[in-house]
file upload35.cif (mmCIF, C-alpha atoms)
data_target
#
loop_
_atom_site.group_PDB
_atom_site.id
_atom_site.type_symbol
_atom_site.label_atom_id
_atom_site.label_comp_id
_atom_site.auth_asym_id
_atom_site.auth_seq_id
_atom_site.Cartn_x
_atom_site.Cartn_y
_atom_site.Cartn_z
ATOM 1 C CA MET K 1 174.590 6.154 14.590
ATOM 2 C CA ASN K 2 173.160 8.930 16.700
ATOM 3 C CA HIS K 3 171.482 7.972 19.957
ATOM 4 C CA LEU K 4 168.312 10.004 20.265
ATOM 5 C CA ARG K 5 165.527 9.813 22.801
ATOM 6 C CA LEU K 6 164.179 6.298 22.831
ATOM 7 C CA VAL K 7 160.661 5.505 21.746
ATOM 8 C CA PRO K 8 159.235 3.908 24.899
ATOM 9 C CA SER K 9 158.488 0.266 25.270
ATOM 10 C CA ASP K 10 154.870 0.446 26.326
ATOM 11 C CA GLY K 11 153.407 -2.971 25.687
ATOM 12 C CA GLU K 12 150.418 -1.601 23.775
ATOM 13 C CA ASN K 13 148.427 -3.799 21.425
ATOM 14 C CA VAL K 14 149.401 -2.538 17.978
ATOM 15 C CA HIS K 15 146.848 -2.271 15.177
ATOM 16 C CA PHE K 16 148.345 -1.066 11.920
ATOM 17 C CA ASP K 17 146.081 1.703 10.730
ATOM 18 C CA VAL K 18 148.451 3.551 8.366
ATOM 19 C CA ARG K 19 150.122 1.605 5.569
ATOM 20 C CA ARG K 20 153.036 2.386 3.269
ATOM 21 C CA PRO K 21 153.923 5.923 4.422
ATOM 22 C CA MET K 22 157.077 7.536 3.109
ATOM 23 C CA ILE K 23 159.565 8.556 5.791
ATOM 24 C CA LYS K 24 159.040 12.267 5.149
ATOM 25 C CA ASN K 25 155.403 11.809 6.250
ATOM 26 C CA LEU K 26 156.035 9.807 9.415
ATOM 27 C CA ALA K 27 156.244 12.784 11.793
ATOM 28 C CA SER K 28 152.675 13.733 10.912
ATOM 29 C CA LEU K 29 151.561 10.218 11.901
ATOM 30 C CA SER K 30 152.788 10.370 15.506
ATOM 31 C CA GLY K 31 150.602 8.271 17.763
ATOM 32 C CA THR K 32 149.594 5.859 15.028
ATOM 33 C CA SER K 33 150.840 2.430 14.071
ATOM 34 C CA THR K 34 152.088 1.823 10.570
ATOM 35 C CA GLU K 35 153.420 -0.723 8.148
ATOM 36 C CA GLY K 36 155.983 0.564 5.686
ATOM 37 C CA GLN K 37 158.612 -0.545 3.217
ATOM 38 C CA TYR K 38 162.105 0.784 3.874
ATOM 39 C CA VAL K 39 165.751 -0.026 3.213
ATOM 40 C CA LEU K 40 167.793 -1.179 6.208
ATOM 41 C CA THR K 41 170.963 0.947 6.236
ATOM 42 C CA ALA K 42 172.364 0.039 9.687
ATOM 43 C CA ALA K 43 171.643 -2.092 12.759
ATOM 44 C CA MET K 44 173.378 -2.116 16.122
ATOM 45 C CA GLU K 45 172.863 -3.542 19.563
ATOM 46 C CA ALA K 46 172.601 -0.972 22.345
ATOM 47 C CA ALA K 47 172.536 -1.626 26.090
ATOM 48 C CA ILE K 48 172.145 1.761 27.768
ATOM 49 C CA ASN K 49 169.471 1.374 30.475
ATOM 50 C CA THR K 50 167.479 -1.255 28.549
ATOM 51 C CA PRO K 51 168.941 -3.592 25.917
ATOM 52 C CA ARG K 52 167.539 -2.873 22.494
ATOM 53 C CA LEU K 53 168.261 -3.161 18.806
ATOM 54 C CA GLN K 54 168.652 0.174 17.033
ATOM 55 C CA LEU K 55 167.890 0.354 13.313
ATOM 56 C CA SER K 56 168.463 2.990 10.671
ATOM 57 C CA LEU K 57 165.865 2.854 7.916
ATOM 58 C CA ALA K 58 165.692 4.857 4.704
ATOM 59 C CA ASP K 59 163.679 5.511 1.596
ATOM 60 C CA ALA K 60 163.966 8.083 -1.172
ATOM 61 C CA THR K 61 162.624 10.821 1.123
ATOM 62 C CA GLY K 62 164.871 10.447 4.175
ATOM 63 C CA THR K 63 165.956 8.313 7.116
ATOM 64 C CA VAL K 64 164.404 7.335 10.436
ATOM 65 C CA LEU K 65 165.599 5.612 13.603
ATOM 66 C CA GLY K 66 163.793 2.528 14.806
ATOM 67 C CA PHE K 67 164.076 0.781 18.179
ATOM 68 C CA VAL K 68 163.323 -2.880 18.818
ATOM 69 C CA TRP K 69 162.614 -3.789 22.429
ATOM 70 C CA PRO K 70 163.308 -7.254 23.846
ATOM 71 C CA GLU K 71 159.687 -8.380 23.804
ATOM 72 C CA CYS K 72 159.567 -7.939 19.997
ATOM 73 C CA ARG K 73 162.865 -9.560 19.068
ATOM 74 C CA SER K 74 161.231 -12.827 18.050
ATOM 75 C CA ASP K 75 159.409 -10.982 15.243
ATOM 76 C CA ILE K 76 162.553 -9.423 13.812
ATOM 77 C CA ALA K 77 164.181 -10.929 10.704
ATOM 78 C CA LEU K 78 166.646 -8.394 9.364
ATOM 79 C CA PRO K 79 167.550 -8.294 5.673
ATOM 80 C CA THR K 80 171.084 -7.704 4.510
ATOM 81 C CA ILE K 81 172.208 -4.113 5.002
ATOM 82 C CA GLY K 82 171.135 -2.104 1.964
ATOM 83 C CA MET K 83 168.163 -4.336 1.201
ATOM 84 C CA PRO K 84 164.432 -3.586 1.584
ATOM 85 C CA ALA K 85 162.264 -4.729 4.467
ATOM 86 C CA ARG K 86 158.663 -4.639 5.579
ATOM 87 C CA VAL K 87 158.539 -2.778 8.888
ATOM 88 C CA LYS K 88 155.663 -2.633 11.362
ATOM 89 C CA ALA K 89 155.968 -0.001 14.061
ATOM 90 C CA ALA K 90 154.350 2.592 16.261
ATOM 91 C CA VAL K 91 155.292 6.163 15.353
ATOM 92 C CA ARG K 92 156.448 8.695 17.940
ATOM 93 C CA THR K 93 158.230 12.037 17.559
ATOM 94 C CA TYR K 94 161.121 13.639 19.390
ATOM 95 C CA GLU K 95 161.994 17.268 18.705
ATOM 96 C CA GLY K 96 159.865 17.125 15.582
ATOM 97 C CA ASN K 97 161.590 14.035 14.179
ATOM 98 C CA ALA K 98 159.843 10.714 13.763
ATOM 99 C CA GLN K 99 161.072 7.598 15.565
ATOM 100 C CA LEU K 100 159.692 4.093 15.335
ATOM 101 C CA ARG K 101 158.964 1.543 18.037
ATOM 102 C CA VAL K 102 159.465 -1.432 15.754
ATOM 103 C CA THR K 103 157.410 -4.554 16.375
ATOM 104 C CA SER K 104 158.190 -6.557 13.243
ATOM 105 C CA VAL K 105 160.751 -6.615 10.436
ATOM 106 C CA ALA K 106 160.884 -9.015 7.489
ATOM 107 C CA PRO K 107 162.939 -9.016 4.269
ATOM 108 C CA LEU K 108 161.015 -8.069 1.130
ATOM 109 C CA ALA K 109 161.116 -10.137 -2.036
ATOM 110 C CA ALA K 110 161.059 -8.209 -5.308
ATOM 111 C CA GLU K 111 157.492 -9.331 -5.934
ATOM 112 C CA GLU K 112 156.422 -7.740 -2.639
ATOM 113 C CA ILE K 113 157.909 -4.279 -3.221
ATOM 114 C CA ASP K 114 155.187 -1.775 -4.012
ATOM 115 C CA VAL K 115 157.251 0.952 -5.706
ATOM 116 C CA ALA K 116 160.929 0.133 -6.150
ATOM 117 C CA SER K 117 161.890 3.700 -7.066
ATOM 118 C CA ASP K 118 160.622 4.873 -3.664
ATOM 119 C CA LEU K 119 163.349 2.754 -2.071
ATOM 120 C CA LEU K 120 166.262 4.039 -4.144
ATOM 121 C CA ILE K 121 168.443 6.049 -1.790
ATOM 122 C CA ASN K 122 171.315 8.386 -2.664
ATOM 123 C CA VAL K 123 170.064 8.527 -6.250
ATOM 124 C CA PRO K 124 169.548 11.919 -7.960
ATOM 125 C CA GLU K 125 165.895 12.876 -8.077
ATOM 126 C CA ALA K 126 165.842 13.158 -11.875
ATOM 127 C CA ILE K 127 167.151 9.592 -12.198
ATOM 128 C CA ARG K 128 164.744 8.275 -9.583
ATOM 129 C CA ALA K 129 161.814 10.017 -11.285
ATOM 130 C CA ALA K 130 162.736 8.532 -14.660
ATOM 131 C CA LEU K 131 162.992 5.044 -13.174
ATOM 132 C CA GLY K 132 159.700 5.598 -11.338
ATOM 133 C CA SER K 133 157.921 6.603 -14.541
ATOM 134 C CA LEU K 134 159.254 3.507 -16.268
ATOM 135 C CA GLU K 135 158.354 1.265 -13.357
ATOM 136 C CA VAL K 136 154.691 2.247 -13.149
ATOM 137 C CA SER K 137 154.284 1.915 -16.924
ATOM 138 C CA LEU K 138 155.508 -1.673 -17.123
ATOM 139 C CA PRO K 139 153.289 -4.762 -17.039
ATOM 140 C CA PRO K 140 153.615 -6.739 -13.778
ATOM 141 C CA VAL K 141 156.156 -9.307 -14.979
ATOM 142 C CA LEU K 142 158.511 -6.722 -16.462
ATOM 143 C CA ARG K 143 158.057 -4.507 -13.429
ATOM 144 C CA THR K 144 159.196 -7.314 -11.143
ATOM 145 C CA PHE K 145 162.082 -8.038 -13.505
ATOM 146 C CA LEU K 146 163.206 -4.421 -13.134
ATOM 147 C CA THR K 147 162.860 -4.535 -9.349
ATOM 148 C CA ARG K 148 164.843 -7.773 -9.102
ATOM 149 C CA ILE K 149 167.784 -6.177 -10.908
ATOM 150 C CA LEU K 150 167.717 -2.859 -9.041
ATOM 151 C CA PHE K 151 167.809 -4.714 -5.709
ATOM 152 C CA ASP K 152 170.259 -7.415 -6.713
ATOM 153 C CA PRO K 153 173.266 -6.486 -4.552
ATOM 154 C CA ALA K 154 175.590 -7.760 -7.276
ATOM 155 C CA ILE K 155 174.071 -5.423 -9.884
ATOM 156 C CA GLY K 156 171.916 -2.592 -8.552
ATOM 157 C CA PRO K 157 174.390 -0.530 -6.484
ATOM 158 C CA SER K 158 177.096 -0.769 -9.148
ATOM 159 C CA PHE K 159 174.685 0.028 -11.982
ATOM 160 C CA LEU K 160 173.468 3.170 -10.206
ATOM 161 C CA ALA K 161 177.004 4.406 -9.477
ATOM 162 C CA CYS K 162 178.961 3.241 -12.536
ATOM 163 C CA ARG K 163 180.352 5.523 -15.237
ATOM 164 C CA ALA K 164 179.218 5.099 -18.845
ATOM 165 C CA SER K 165 182.741 5.612 -20.152
ATOM 166 C CA GLY K 166 186.236 6.292 -18.933
ATOM 167 C CA GLU K 167 186.807 9.636 -20.646
ATOM 168 C CA HIS K 168 184.050 10.150 -23.240
ATOM 169 C CA HIS K 169 180.298 10.388 -22.699
ATOM 170 C CA HIS K 170 178.666 10.347 -19.241
ATOM 171 C CA SER K 171 182.036 9.676 -17.639
ATOM 172 C CA GLY K 172 181.187 10.875 -14.127
ATOM 173 C CA LYS K 173 179.976 8.712 -11.260
ATOM 174 C CA GLY K 174 176.390 7.687 -12.006
ATOM 175 C CA GLY K 175 176.863 8.457 -15.679
ATOM 176 C CA LEU K 176 175.800 4.981 -16.767
ATOM 177 C CA VAL K 177 172.292 5.194 -15.351
ATOM 178 C CA GLN K 178 171.981 8.793 -16.585
ATOM 179 C CA HIS K 179 172.848 7.625 -20.101
ATOM 180 C CA SER K 180 170.489 4.675 -19.711
ATOM 181 C CA VAL K 181 167.365 6.635 -18.702
ATOM 182 C CA GLU K 182 167.624 9.846 -20.712
ATOM 183 C CA ASN K 183 165.857 8.550 -23.846
ATOM 184 C CA LEU K 184 163.319 6.151 -22.339
ATOM 185 C CA ASP K 185 160.360 8.403 -23.154
ATOM 186 C CA LEU K 186 161.460 8.850 -26.774
ATOM 187 C CA ILE K 187 161.998 5.117 -27.162
ATOM 188 C CA ALA K 188 158.457 4.480 -25.934
ATOM 189 C CA THR K 189 157.081 7.029 -28.415
ATOM 190 C CA MET K 190 159.010 5.542 -31.331
ATOM 191 C CA VAL K 191 157.944 1.955 -30.622
ATOM 192 C CA GLN K 192 154.314 2.933 -29.979
ATOM 193 C CA ARG K 193 154.171 4.886 -33.231
ATOM 194 C CA THR K 194 155.778 2.143 -35.293
ATOM 195 C CA LEU K 195 154.158 -0.881 -33.590
ATOM 196 C CA PRO K 196 150.814 0.531 -32.369
ATOM 197 C CA ASN K 197 149.293 -2.890 -31.722
ATOM 198 C CA ASP K 198 152.288 -4.312 -29.857
ATOM 199 C CA THR K 199 152.130 -2.840 -26.354
ATOM 200 C CA ALA K 200 154.466 -5.445 -24.858
ATOM 201 C CA SER K 201 157.308 -4.280 -27.079
ATOM 202 C CA VAL K 202 157.258 -0.800 -25.542
ATOM 203 C CA GLY K 203 158.375 -2.091 -22.150
ATOM 204 C CA ILE K 204 160.785 -4.579 -23.719
ATOM 205 C CA ALA K 205 162.457 -1.798 -25.709
ATOM 206 C CA GLN K 206 162.728 0.451 -22.665
ATOM 207 C CA LEU K 207 164.256 -2.284 -20.522
ATOM 208 C CA GLY K 208 166.568 -3.229 -23.370
ATOM 209 C CA TYR K 209 167.808 0.350 -23.453
ATOM 210 C CA LEU K 210 167.981 0.703 -19.680
ATOM 211 C CA PHE K 211 170.258 -2.330 -19.397
ATOM 212 C CA HIS K 212 172.041 -2.152 -22.778
ATOM 213 C CA ASP K 213 175.286 -1.143 -21.029
ATOM 214 C CA VAL K 214 174.877 -2.812 -17.624
ATOM 215 C CA GLY K 215 177.938 -4.944 -18.397
ATOM 216 C CA LYS K 216 180.038 -1.800 -18.008
ATOM 217 C CA ILE K 217 180.029 -2.419 -14.273
ATOM 218 C CA HIS K 218 182.747 -4.969 -15.202
ATOM 219 C CA THR K 219 184.511 -2.999 -17.953
ATOM 220 C CA VAL K 220 184.319 0.686 -16.927
ATOM 221 C CA GLY K 221 183.595 0.675 -13.195
ATOM 222 C CA ILE K 222 182.696 3.398 -10.732
ATOM 223 C CA ALA K 223 186.037 5.197 -10.273
ATOM 224 C CA ARG K 224 188.498 3.175 -12.336
ATOM 225 C CA ARG K 225 188.440 0.322 -14.794
ATOM 226 C CA PRO K 226 188.324 -3.131 -13.134
ATOM 227 C CA PRO K 227 191.091 -5.696 -13.671
ATOM 228 C CA LEU K 228 190.857 -7.536 -17.021
ATOM 229 C CA HIS K 229 188.305 -4.972 -18.189
ATOM 230 C CA ASN K 230 189.415 -5.300 -21.824
ATOM 231 C CA VAL K 231 189.205 -9.077 -22.120
ATOM 232 C CA VAL K 232 185.452 -9.388 -22.707
ATOM 233 C CA ARG K 233 183.299 -6.687 -24.324
ATOM 234 C CA HIS K 234 180.655 -5.097 -22.142
ATOM 235 C CA GLU K 235 177.923 -6.262 -24.520
ATOM 236 C CA ILE K 236 178.796 -9.853 -23.630
ATOM 237 C CA HIS K 237 178.907 -8.950 -19.959
ATOM 238 C CA ASN K 238 175.345 -7.618 -20.340
ATOM 239 C CA LEU K 239 174.079 -11.125 -20.942
ATOM 240 C CA LEU K 240 176.254 -12.647 -18.217
ATOM 241 C CA VAL K 241 175.266 -10.092 -15.568
ATOM 242 C CA LEU K 242 171.563 -10.394 -16.313
ATOM 243 C CA ALA K 243 171.535 -14.179 -16.790
ATOM 244 C CA PRO K 244 169.796 -15.152 -13.491
ATOM 245 C CA HIS K 245 167.079 -12.545 -14.024
ATOM 246 C CA LEU K 246 166.640 -13.408 -17.683
ATOM 247 C CA GLU K 247 166.139 -17.032 -16.666
ATOM 248 C CA TRP K 248 163.513 -15.888 -14.146
ATOM 249 C CA LEU K 249 161.807 -13.908 -16.916
ATOM 250 C CA ARG K 250 161.875 -16.918 -19.221
ATOM 251 C CA ARG K 251 160.016 -18.961 -16.618
ATOM 252 C CA GLN K 252 157.416 -16.230 -16.266
ATOM 253 C CA ASP K 253 156.836 -15.317 -19.922
ATOM 254 C CA MET K 254 158.809 -16.826 -22.775
ATOM 255 C CA SER K 255 157.708 -14.177 -25.290
ATOM 256 C CA LEU K 256 158.887 -11.251 -23.158
ATOM 257 C CA HIS K 257 162.129 -13.121 -22.527
ATOM 258 C CA ALA K 258 162.657 -13.747 -26.238
ATOM 259 C CA GLY K 259 162.168 -10.091 -27.113
ATOM 260 C CA LEU K 260 164.557 -8.785 -24.482
ATOM 261 C CA VAL K 261 167.241 -11.384 -25.163
ATOM 262 C CA TYR K 262 166.988 -10.662 -28.893
ATOM 263 C CA ILE K 263 167.789 -6.987 -28.221
ATOM 264 C CA LEU K 264 170.756 -7.839 -26.006
ATOM 265 C CA ASP K 265 172.015 -10.434 -28.496
ATOM 266 C CA TYR K 266 171.717 -7.926 -31.346
ATOM 267 C CA LEU K 267 173.737 -5.378 -29.386
ATOM 268 C CA ALA K 268 176.347 -8.046 -28.581
ATOM 269 C CA THR K 269 176.959 -8.463 -32.326
ATOM 270 C CA PRO K 270 179.678 -6.040 -33.510
ATOM 271 C CA ALA K 271 178.060 -3.166 -35.418
ATOM 272 C CA ALA K 272 179.848 -3.975 -38.675
ATOM 273 C CA ALA K 273 178.494 -7.524 -38.585
ATOM 274 C CA ARG K 274 174.872 -6.671 -37.794
ATOM 275 C CA SER K 275 172.181 -7.403 -40.367
ATOM 276 C CA LYS K 276 168.794 -5.715 -40.420
ATOM 277 C CA PRO K 277 167.152 -6.769 -37.134
ATOM 278 C CA ARG K 278 164.081 -8.968 -37.231
ATOM 279 C CA TYR K 279 162.710 -7.142 -34.167
ATOM 280 C CA PHE K 280 162.250 -3.387 -34.545
ATOM 281 C CA PRO K 281 162.948 -2.445 -30.870
ATOM 282 C CA ALA K 282 166.508 -3.768 -31.273
ATOM 283 C CA GLU K 283 167.097 -1.198 -34.008
ATOM 284 C CA VAL K 284 165.586 1.547 -31.847
ATOM 285 C CA VAL K 285 167.796 0.718 -28.860
ATOM 286 C CA ALA K 286 170.957 0.593 -30.983
ATOM 287 C CA GLN K 287 170.144 3.916 -32.656
ATOM 288 C CA PHE K 288 169.314 5.784 -29.459
ATOM 289 C CA ASP K 289 172.494 4.478 -27.867
ATOM 290 C CA GLN K 290 174.484 6.117 -30.663
ATOM 291 C CA TRP K 291 172.513 9.366 -30.435
ATOM 292 C CA SER K 292 172.988 9.643 -26.673
ATOM 293 C CA ALA K 293 176.761 9.284 -27.011
ATOM 294 C CA ALA K 294 176.793 11.726 -29.952
ATOM 295 C CA SER K 295 175.722 14.572 -27.683
ATOM 296 C CA PHE K 296 179.290 14.524 -26.308
ATOM 297 C CA SER K 297 180.986 14.495 -29.719
ATOM 298 C CA ALA K 298 180.911 18.206 -30.676
ATOM 299 C CA ARG K 299 178.876 17.536 -33.815
ATOM 300 C CA ASN K 300 176.750 20.688 -33.555
ATOM 301 C CA LEU K 301 176.375 23.612 -35.980
ATOM 302 C CA SER K 302 179.239 25.568 -34.443
ATOM 303 C CA ALA K 303 181.609 22.624 -34.844
ATOM 304 C CA LEU K 304 180.412 22.102 -38.405
ATOM 305 C CA THR K 305 180.966 25.700 -39.481
ATOM 306 C CA LYS K 306 184.353 25.952 -37.720
ATOM 307 C CA ALA K 307 185.460 22.756 -39.428
ATOM 308 C CA GLY K 308 184.281 24.175 -42.736
ATOM 309 C CA ALA K 309 186.224 27.385 -42.173
ATOM 310 C CA ARG K 310 189.377 25.464 -41.305
ATOM 311 C CA ALA K 311 189.015 23.350 -44.432
ATOM 312 C CA ALA K 312 188.582 26.485 -46.560
ATOM 313 C CA ASN K 313 191.681 28.075 -45.018
ATOM 314 C CA ARG K 314 193.745 24.955 -45.688
ATOM 315 C CA ALA K 315 192.555 24.904 -49.297
ATOM 316 C CA ALA K 316 193.431 28.590 -49.736
ATOM 317 C CA MET K 317 196.879 28.100 -48.241
ATOM 318 C CA SER K 318 197.497 25.100 -50.487
ATOM 319 C CA ALA K 319 196.430 27.064 -53.568
ATOM 320 C CA GLY K 320 198.679 29.967 -52.583
ATOM 321 C CA ALA K 321 201.650 27.676 -52.192
ATOM 322 C CA ARG K 322 201.258 26.502 -55.757
#

call {"tool": "encode", "arguments": {"input": "upload35.cif", "output": "structure tokens"}}
result
Amino acid sequence: MNHLRLVPSDGENVHFDVRRPMIKNLASLSGTSTEGQYVLTAAMEAAINTPRLQLSLADATGTVLGFVWPECRSDIALPTIGMPARVKAAVRTYEGNAQLRVTSVAPLAAEEIDVASDLLINVPEAIRAALGSLEVSLPPVLRTFLTRILFDPAIGPSFLACRASGEHHHSGKGGLVQHSVENLDLIATMVQRTLPNDTASVGIAQLGYLFHDVGKIHTVGIARRPPLHNVVRHEIHNLLVLAPHLEWLRRQDMSLHAGLVYILDYLATPAAARSKPRYFPAEVVAQFDQWSAASFSARNLSALTKAGARAANRAAMSAGAR
């Protein structure tokens, strides 16, 4: 971590007059005190001149250094590295870059996070924007459900980095989340058009699609397939991975829980054994999953006509041989 000029310890009485700024805006707030929500990416003790705790904080717009002086240490409760925190601080600048004199840090529960997508770091902007659009459209309970999963250290980081397949569709790093967000708007349109009086099912369908392959973190992996990847199908892993959060959802709203679990259970049934679903969003999620993968299958007009030409040539050659 770079050691830059230290924000001074000045003993001022801090009144927080700017709340929830993104890091990219902090430099313009020099001289003010603020309360923000950021991800803790590093923490180290430093003892040059005056002992202090040096923090690296991040959000979707950048990173900032924070310094905790001894008189504020009693108000510092650091989260696990990579997890979100509420940070109170005075803003100063050095060579045009913001620094924070931190007076308080506390871990953030999912229910306390204002906009989860603002705290997704090292995520492509298109993916973050899609998740942000979904997030703000969801009712409060489903929004918290989404946030809980994205910031579950056992799920979120792997889900955002995992491949969707080993060699087929969306097989690069981050391919799983790309595959899982690219049809969310169309799914919403289809469910709204078909079930116009069932607004809850729109969010359920979108979350069902977003997490319909989350179990691939245990069967496909980020760079290579994990050990024993072929023992249990990823559709079963979906339910196992999400189990603690599905139980939380059940305690909050049994109807929302039932709808989402129905979708995941339907997908866990092998395609050949599936009957007509009793819940329309399950059919939508299954169909869009197939369509997303089909975009990698060379089933376009060019492939069709070339295949037709090859078939005609084979038929002509066969007729000539006779």

call {"tool": "closest_residue", "arguments": {"input": "upload35.cif", "among": "K:Ile222, K:Leu160, K:Ala258, K:Ala106", "to": "Gly208 (chain K)", "atoms": "only C-alpha atoms"}}
result
K:Ala258

call {"tool": "atom_distance", "arguments": {"input": "upload35.cif", "atom1": "CA of Ala89 (chain K)", "atom2": "CA of Pro107 (chain K)"}}
result
15.0 Å

call {"tool": "atom_distance", "arguments": {"input": "upload35.cif", "atom1": "CA of Phe211 (chain K)", "atom2": "CA of Leu57 (chain K)"}}
result
28.1 Å

call {"tool": "resolve_selection", "arguments": {"input": "upload35.cif", "expression": "the PyMOL selection byres ((chain K and resi 136) around 12)", "output": "ChimeraX atom specification"}}
result
/K:114-118,129-135,137-144,146-147,203

call {"tool": "atom_distance", "arguments": {"input": "upload35.cif", "atom1": "CA of Cys72 (chain K)", "atom2": "CA of Ala109 (chain K)"}}
result
22.2 Å

call {"tool": "residues_near_point", "arguments": {"input": "upload35.cif", "point": "(171.5, -3.6, -16.9)", "cutoff": "8 Å", "atoms": "all atoms listed in the file", "output": "PyMOL selection string"}}
result
chain K and resi 149+155+159+210-215+238+241-242

call {"tool": "residues_around", "arguments": {"input": "upload35.cif", "residues": "Leu260 (chain K)", "least_positions_apart": "4", "cutoff": "12 Å", "atoms": "all atoms listed in the file", "output": "PyMOL selection string"}}
result
chain K and resi 142+145+200-212+238-239+242-243+245-247+249-250+253-256+264-267+279-282+285

call {"tool": "closest_residue", "arguments": {"input": "upload35.cif", "among": "K:Arg251, K:Arg225, K:Arg163, K:Lys216", "to": "His237 (chain K)", "atoms": "only C-alpha atoms"}}
result
K:Lys216

call {"tool": "build_atoms", "arguments": {"input": "upload35.cif", "residues": "region 101-121 of chain K", "atoms": "N, CA and C atoms", "output": "PDB file, in the frame of the given file"}}
result
ATOM      1  N   ARG K 101     158.880   2.688  17.129  1.00  0.00           N
ATOM      2  CA  ARG K 101     158.964   1.543  18.037  1.00  0.00           C
ATOM      3  C   ARG K 101     158.608   0.322  17.200  1.00  0.00           C
ATOM      4  N   VAL K 102     159.635  -0.376  16.747  1.00  0.00           N
ATOM      5  CA  VAL K 102     159.465  -1.432  15.754  1.00  0.00           C
ATOM      6  C   VAL K 102     158.985  -2.709  16.417  1.00  0.00           C
ATOM      7  N   THR K 103     157.952  -3.300  15.838  1.00  0.00           N
ATOM      8  CA  THR K 103     157.410  -4.554  16.375  1.00  0.00           C
ATOM      9  C   THR K 103     157.656  -5.744  15.445  1.00  0.00           C
ATOM     10  N   SER K 104     157.975  -5.459  14.182  1.00  0.00           N
ATOM     11  CA  SER K 104     158.190  -6.557  13.243  1.00  0.00           C
ATOM     12  C   SER K 104     159.028  -6.052  12.068  1.00  0.00           C
ATOM     13  N   VAL K 105     159.959  -6.886  11.638  1.00  0.00           N
ATOM     14  CA  VAL K 105     160.751  -6.615  10.436  1.00  0.00           C
ATOM     15  C   VAL K 105     160.878  -7.913   9.661  1.00  0.00           C
ATOM     16  N   ALA K 106     160.711  -7.838   8.337  1.00  0.00           N
ATOM     17  CA  ALA K 106     160.884  -9.015   7.489  1.00  0.00           C
ATOM     18  C   ALA K 106     161.465  -8.582   6.152  1.00  0.00           C
ATOM     19  N   PRO K 107     162.396  -9.347   5.600  1.00  0.00           N
ATOM     20  CA  PRO K 107     162.939  -9.016   4.269  1.00  0.00           C
ATOM     21  C   PRO K 107     161.836  -9.016   3.224  1.00  0.00           C
ATOM     22  N   LEU K 108     161.987  -8.166   2.216  1.00  0.00           N
ATOM     23  CA  LEU K 108     161.015  -8.069   1.130  1.00  0.00           C
ATOM     24  C   LEU K 108     161.562  -8.720  -0.130  1.00  0.00           C
ATOM     25  N   ALA K 109     160.787  -9.617  -0.711  1.00  0.00           N
ATOM     26  CA  ALA K 109     161.116 -10.137  -2.036  1.00  0.00           C
ATOM     27  C   ALA K 109     160.737  -9.088  -3.080  1.00  0.00           C
ATOM     28  N   ALA K 110     161.338  -9.189  -4.253  1.00  0.00           N
ATOM     29  CA  ALA K 110     161.059  -8.209  -5.308  1.00  0.00           C
ATOM     30  C   ALA K 110     159.578  -8.142  -5.626  1.00  0.00           C
ATOM     31  N   GLU K 111     158.917  -9.295  -5.602  1.00  0.00           N
ATOM     32  CA  GLU K 111     157.492  -9.331  -5.934  1.00  0.00           C
ATOM     33  C   GLU K 111     156.648  -8.594  -4.903  1.00  0.00           C
ATOM     34  N   GLU K 112     157.183  -8.375  -3.715  1.00  0.00           N
ATOM     35  CA  GLU K 112     156.422  -7.740  -2.639  1.00  0.00           C
ATOM     36  C   GLU K 112     156.644  -6.227  -2.558  1.00  0.00           C
ATOM     37  N   ILE K 113     157.612  -5.709  -3.280  1.00  0.00           N
ATOM     38  CA  ILE K 113     157.909  -4.279  -3.221  1.00  0.00           C
ATOM     39  C   ILE K 113     156.859  -3.511  -4.008  1.00  0.00           C
ATOM     40  N   ASP K 114     156.248  -2.540  -3.356  1.00  0.00           N
ATOM     41  CA  ASP K 114     155.187  -1.775  -4.012  1.00  0.00           C
ATOM     42  C   ASP K 114     155.739  -0.875  -5.105  1.00  0.00           C
ATOM     43  N   VAL K 115     156.664   0.011  -4.742  1.00  0.00           N
ATOM     44  CA  VAL K 115     157.251   0.952  -5.706  1.00  0.00           C
ATOM     45  C   VAL K 115     158.764   0.949  -5.475  1.00  0.00           C
ATOM     46  N   ALA K 116     159.489   0.282  -6.344  1.00  0.00           N
ATOM     47  CA  ALA K 116     160.929   0.133  -6.150  1.00  0.00           C
ATOM     48  C   ALA K 116     161.637   1.484  -6.140  1.00  0.00           C
ATOM     49  N   SER K 117     161.211   2.405  -6.987  1.00  0.00           N
ATOM     50  CA  SER K 117     161.890   3.700  -7.066  1.00  0.00           C
ATOM     51  C   SER K 117     161.772   4.487  -5.774  1.00  0.00           C
ATOM     52  N   ASP K 118     160.748   4.207  -4.966  1.00  0.00           N
ATOM     53  CA  ASP K 118     160.622   4.873  -3.664  1.00  0.00           C
ATOM     54  C   ASP K 118     161.688   4.417  -2.678  1.00  0.00           C
ATOM     55  N   LEU K 119     162.349   3.308  -2.976  1.00  0.00           N
ATOM     56  CA  LEU K 119     163.349   2.754  -2.071  1.00  0.00           C
ATOM     57  C   LEU K 119     164.777   2.955  -2.581  1.00  0.00           C
ATOM     58  N   LEU K 120     164.920   3.739  -3.635  1.00  0.00           N
ATOM     59  CA  LEU K 120     166.262   4.039  -4.144  1.00  0.00           C
ATOM     60  C   LEU K 120     166.810   5.228  -3.368  1.00  0.00           C
ATOM     61  N   ILE K 121     167.876   4.999  -2.626  1.00  0.00           N
ATOM     62  CA  ILE K 121     168.443   6.049  -1.790  1.00  0.00           C
ATOM     63  C   ILE K 121     169.763   6.519  -2.393  1.00  0.00           C
TER      64      ILE K 121
END
